[in-house]
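**Student:** Input: one structure, supplied below.
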Amino acid sequence: MAERVLLNQIWFTALQAVPLVIILAGLLSFLVISQAVRELGRLGATELIGTLIVVAVVRELGPLLTALAVAGRSGTAIAAELATNKVMGEVDALEGMGIDPMHYLVLPRLGAAIVSVSCLIVLFDAIAVVVGFTAAATNGMSPDRYFDIVLRSLAFGDVAQSIVKGLVFGAIIGALPSFHGLRVRRDATEVPIAASRAVVGSIVAIFLSSALFVALL
Amino acid sequence: MSSPLLFEAVTLSNRRGTVCDFAVPANDVVTVSGPEDSGVGSLGRLALGLDRPLRGRVLVLGEDIARLPRAAALAFRRRVGYLPAGDGLLQNLSLQDNVALPLRFGTGLAEHEIQGRVRIILTMMHLTEVGPARPAQVNDEQRRRAALARAVAFDPELVIMEQPFDGLTDRTAAELLEVATGGVAAGGSRRTVFITGQDMPHLLRQRVDMRYRVVGAQLVREG
């Protein structure tokens, strides 16, 4: 039963967010690489495009933007759903039946958020690199040269770091909204407040942990 | 035989501090009614250890659930059928999945056995046609039927019901009480049933073995 909740959550958190992540990754990459090819080309430093796409997009902005998109989309949904469960007496009913709400409601959402954010970050990075090629080509750079520069700059560690960030950000997006959702009492007016606190708290926690990554790694 | 449910000098959280000191004998149907502010509505939660009494203790099947560690309390509650006030059905599950929920978590039954049992219970509760519907898609009576079906799905020896008959006709209430008791055996009802609420339908009073009511600060036995 909890497995079915987990699959539903992955469907909602990961698969339904794919179009949004593709749009964000595509636009960001197109803007950054277009500007970079133009400006760095003027300075004769097009080699730095690889570093730019790895450091700025793959390592930092990819995980950050993906996590913010999921926090806005799914974090609010998790908090509102669990708060409604609480207000409607469903959480008490679960406890009364001997079913741990942590096991049935929270863990599937936490697991789904961790898996989803990690996978979406990999997707974001892949789309960013591919769209970056289009942007570079539009601005006069040959495809071979673009891929040569990017692949020389991209190391396995960069992708691994992105995925580790995905695990941490996913845990934040699963845990904080669940906490705020289950914290409400039996008053429907608390549902939007819980959703708002959840998303604000998640955004702050994501930025803080992102800064911590930069400081530690 | 010891009482499946025993309230020992339990003080209700109302302004008058009503003290409840009574036992629910095995295979009996016992009701406690009283005004909304009497604290009667908390008796079911106290019995299941969801709340702790201000004073006194509640023994369920010989155990004070409120004092058990959390994991043990959760496991113990799976032995008791519970119909909370307002039904407590999970809104994102169909009625049949709601009924299957305690079977999936509280028993070691295989999925096909669970499905079989759910089908039987839904038929018994006249819910077969609306089984795949979600709670919001059916009426109050069907929701209450589904909530009771969920409470008795694993055939518990004790069933605790909060305001189970509010808004129902006497006839439907009598039918639901019959399901809750599991029918009549030689020594009384097959199950022990404890009901709390503001009032009991007149038609049911003769089917209840003991009736208590909170009057002022006192818990009075009515019949």
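Letters A, B, ... mark the chains of the structure tokens in the order given; residue numbers begin at 1 per chain; ligand numbers begin at 1, in order shown.
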Report as a ChimeraX atom specification all protein, DNA and RNA residues lying within 7 Å of range 61-68 of chain A, evaluated on only C-alpha atoms, omitting residues in the same chain fewer than 6 positions from it.

**Tutor:** /A:21,117,120-121,124-125,162,165-166,169,203

**Student:** Let me see the file: selected residues, C-alpha atoms, as a PDB file, in the first residue's frame.

**Tutor:**
```
ATOM      1  CA  VAL A  21      12.279  21.000 -16.090  1.00  0.00           C
ATOM      2  CA  VAL A 117      14.784  15.544  -7.584  1.00  0.00           C
ATOM      3  CA  LEU A 120      15.199  15.574 -12.622  1.00  0.00           C
ATOM      4  CA  ILE A 121      18.615  17.165 -11.992  1.00  0.00           C
ATOM      5  CA  PHE A 124      18.116  19.167 -16.391  1.00  0.00           C
ATOM      6  CA  ASP A 125      21.868  18.812 -16.923  1.00  0.00           C
ATOM      7  CA  SER A 162      24.793  17.198  -8.839  1.00  0.00           C
ATOM      8  CA  LYS A 165      22.764  17.692  -4.175  1.00  0.00           C
ATOM      9  CA  GLY A 166      19.616  16.104  -5.590  1.00  0.00           C
ATOM     10  CA  PHE A 169      17.449  18.860  -1.824  1.00  0.00           C
ATOM     11  CA  ILE A 203      13.561  27.486  -0.481  1.00  0.00           C
TER      12      ILE A 203
END
```

**Student:** Set the distance at 8 Å and use only C-alpha atoms: which residues neighbour Val29 in chain B once local chain neighbours fewer than 2 positions away are removed? I'd like the list as a PDB file with N, CA and C atoms, in the first residue's frame.

**Tutor:**
```
ATOM      1  N   VAL B  24     -16.982  -2.090  30.184  1.00  0.00           N
ATOM      2  CA  VAL B  24     -17.784  -2.557  29.051  1.00  0.00           C
ATOM      3  C   VAL B  24     -17.625  -4.082  29.015  1.00  0.00           C
ATOM      4  N   ASN B  27     -18.948  -8.943  24.887  1.00  0.00           N
ATOM      5  CA  ASN B  27     -20.121  -9.261  24.074  1.00  0.00           C
ATOM      6  C   ASN B  27     -21.331  -8.374  24.369  1.00  0.00           C
ATOM      7  N   THR B  31     -23.286   2.206  25.378  1.00  0.00           N
ATOM      8  CA  THR B  31     -23.213   3.561  24.814  1.00  0.00           C
ATOM      9  C   THR B  31     -23.002   4.584  25.927  1.00  0.00           C
ATOM     10  N   THR B 181     -21.913  -5.402  15.716  1.00  0.00           N
ATOM     11  CA  THR B 181     -21.920  -6.468  16.733  1.00  0.00           C
ATOM     12  C   THR B 181     -21.512  -7.811  16.131  1.00  0.00           C
ATOM     13  N   SER B 189     -23.788 -10.402  21.929  1.00  0.00           N
ATOM     14  CA  SER B 189     -23.242 -10.049  20.607  1.00  0.00           C
ATOM     15  C   SER B 189     -21.953 -10.821  20.377  1.00  0.00           C
ATOM     16  N   THR B 192     -17.748  -7.038  21.160  1.00  0.00           N
ATOM     17  CA  THR B 192     -18.047  -6.019  22.153  1.00  0.00           C
ATOM     18  C   THR B 192     -18.037  -4.682  21.428  1.00  0.00           C
ATOM     19  N   VAL B 193     -19.090  -3.889  21.656  1.00  0.00           N
ATOM     20  CA  VAL B 193     -19.196  -2.615  20.932  1.00  0.00           C
ATOM     21  C   VAL B 193     -19.341  -1.469  21.923  1.00  0.00           C
ATOM     22  N   PHE B 194     -18.503  -0.452  21.755  1.00  0.00           N
ATOM     23  CA  PHE B 194     -18.576   0.730  22.616  1.00  0.00           C
ATOM     24  C   PHE B 194     -18.856   1.943  21.725  1.00  0.00           C
ATOM     25  N   ILE B 195     -19.954   2.639  22.033  1.00  0.00           N
ATOM     26  CA  ILE B 195     -20.404   3.748  21.183  1.00  0.00           C
ATOM     27  C   ILE B 195     -20.471   5.039  21.994  1.00  0.00           C
ATOM     28  N   ARG B 207     -31.675  -2.389  21.832  1.00  0.00           N
ATOM     29  CA  ARG B 207     -30.614  -3.314  21.375  1.00  0.00           C
ATOM     30  C   ARG B 207     -29.305  -3.085  22.114  1.00  0.00           C
ATOM     31  N   VAL B 208     -29.293  -2.093  22.987  1.00  0.00           N
ATOM     32  CA  VAL B 208     -28.079  -1.753  23.729  1.00  0.00           C
ATOM     33  C   VAL B 208     -28.158  -2.384  25.110  1.00  0.00           C
ATOM     34  N   ASP B 209     -27.057  -2.951  25.566  1.00  0.00           N
ATOM     35  CA  ASP B 209     -27.075  -3.620  26.874  1.00  0.00           C
ATOM     36  C   ASP B 209     -26.940  -2.636  28.022  1.00  0.00           C
ATOM     37  N   MET B 210     -26.138  -1.607  27.835  1.00  0.00           N
ATOM     38  CA  MET B 210     -25.956  -0.605  28.901  1.00  0.00           C
ATOM     39  C   MET B 210     -25.893   0.777  28.271  1.00  0.00           C
TER      40      MET B 210
END
```

**Student:** Would you mind telling me which residue in B:Asp28, B:Asp21, B:Glu63, B:Glu129 lies nearest to Gly182 in chain B when using only C-alpha atoms?

**Tutor:**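 Of the candidates, the smallest distance to Gly182 in chain B is held by B:Asp28.
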
**Student:** I'd like the contact shell of Leu94 in chain A - 9 Å cut-off, only C-alpha atoms, skipping same-chain residues fewer than 4 positions apart - returned as a list in words.

**Tutor:**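 Those residues are Gly89, Glu90, Gly98, Ile99, Asp100, Pro101 and Tyr104 of chain A; Gly88, Leu90 and Pro102 of chain B.
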
**Student:** Taking only C-alpha atoms into account, name the residue in B:Gly44, B:Pro201, B:Gly223, B:Pro132 that is nearest to chain A.

**Tutor:**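 Using only C-alpha atoms, the shortest distance to chain A belongs to B:Gly44.
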
**Student:** Extract, using only C-alpha atoms, all DNA, RNA and protein residues at most 9 Å from Leu54 in chain B, discarding same-chain residues fewer than 6 positions from it, and format them as a list in words.

**Tutor:**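 My reading of the contact set: Val10, Thr11, Leu12 and Ser13 of chain B.
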
**Student:** Counting only C-alpha atoms, give me one row per residue of chain B with an atom at most 9 Å from an atom of chain A, showing the shortest contact pair and its distance in Å to one decimal, sorted by chain then residue number, as CSV.

**Tutor:**
```
residue,atom,partner,partner_atom,distance
B:Arg45,CA,A:Gly96,CA,7.9
B:Leu48,CA,A:Gly96,CA,6.5
B:Gly49,CA,A:Gly96,CA,8.5
B:Leu50,CA,A:Gly96,CA,7.1
B:Ala71,CA,A:Asp100,CA,8.4
B:Ala73,CA,A:Gly98,CA,7.4
B:Leu74,CA,A:Gly98,CA,4.1
B:Ala75,CA,A:Gly98,CA,5.7
B:Phe76,CA,A:Gly98,CA,7.1
B:Arg77,CA,A:Gly98,CA,4.8
B:Arg78,CA,A:Gly98,CA,4.9
B:Arg79,CA,A:Gly98,CA,8.5
B:Val80,CA,A:Met97,CA,7.5
B:Gly81,CA,A:Met97,CA,7.2
B:Tyr82,CA,A:Gly96,CA,6.4
B:Leu83,CA,A:Ala93,CA,7.9
B:Pro84,CA,A:Ala93,CA,6.4
B:Ala85,CA,A:Gly89,CA,8.4
B:Gly86,CA,A:Gly89,CA,7.7
B:Asp87,CA,A:Ala93,CA,8.3
B:Gly88,CA,A:Glu90,CA,4.8
B:Leu89,CA,A:Glu90,CA,6.2
B:Leu90,CA,A:Glu90,CA,5.8
B:Gln91,CA,A:Asn85,CA,8.0
B:Leu101,CA,A:Met1,CA,7.6
B:Pro102,CA,A:Met97,CA,6.6
B:Arg104,CA,A:Met1,CA,6.9
B:Phe105,CA,A:Ile99,CA,6.8
B:Gly106,CA,A:Gly98,CA,7.6
B:Ala151,CA,A:Met97,CA,8.0
```

**Student:** Identify, on the basis of only C-alpha atoms, every residue whose closest approach to range 176-192 of chain A does not exceed 6 Å; exclude the query and any residue fewer than 3 positions from it along the same chain; express the result as a ChimeraX atom specification.

**Tutor:** /A:75,78-80,82-83,87,172-173,195,198

**Student:** Kindly give the distance, in Å, that separates CA of Gly131 in chain B and CA of Arg150 in chain B, rounded to a single decimal.

**Tutor:** 12.1 Å

**Student:** Name the residues in contact with Glu36 in chain B at a cut-off of 10 Å, using only C-alpha atoms, excluding same-chain residues fewer than 2 positions from it; report them as a ChimeraX atom specification.

**Tutor:** /B:14,33-34,38-41,197-199

**Student:** Interatomic distance between CA of Val200 in chain A and CA of Val168 in chain A?

**Tutor:**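 CA of Val200 in chain A sits 16.7 Å away from CA of Val168 in chain A.
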
**Student:** Mind giving me the straight-line distance from CA of Ala45 in chain A to CA of Met141 in chain A in Å, one decimal?

**Tutor:** 12.6 Å

**Student:** Write out as a PyMOL selection string all residues of chain B that DSSP puts in helix (DSSP H, G or I) for this structure's backbone.

**Tutor:** chain B and resi 36-38+40-47+65-67+70-77+95-106+111-124+135-137+140-152+170-181+202-205

**Student:** Between A:Ala160, A:Ala77, A:Ala126, A:Leu20, single out the one closest to Ala194 in chain A, counting only C-alpha atoms.

**Tutor:**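 That would be A:Ala77, the residue with the smallest distance to Ala194 in chain A.
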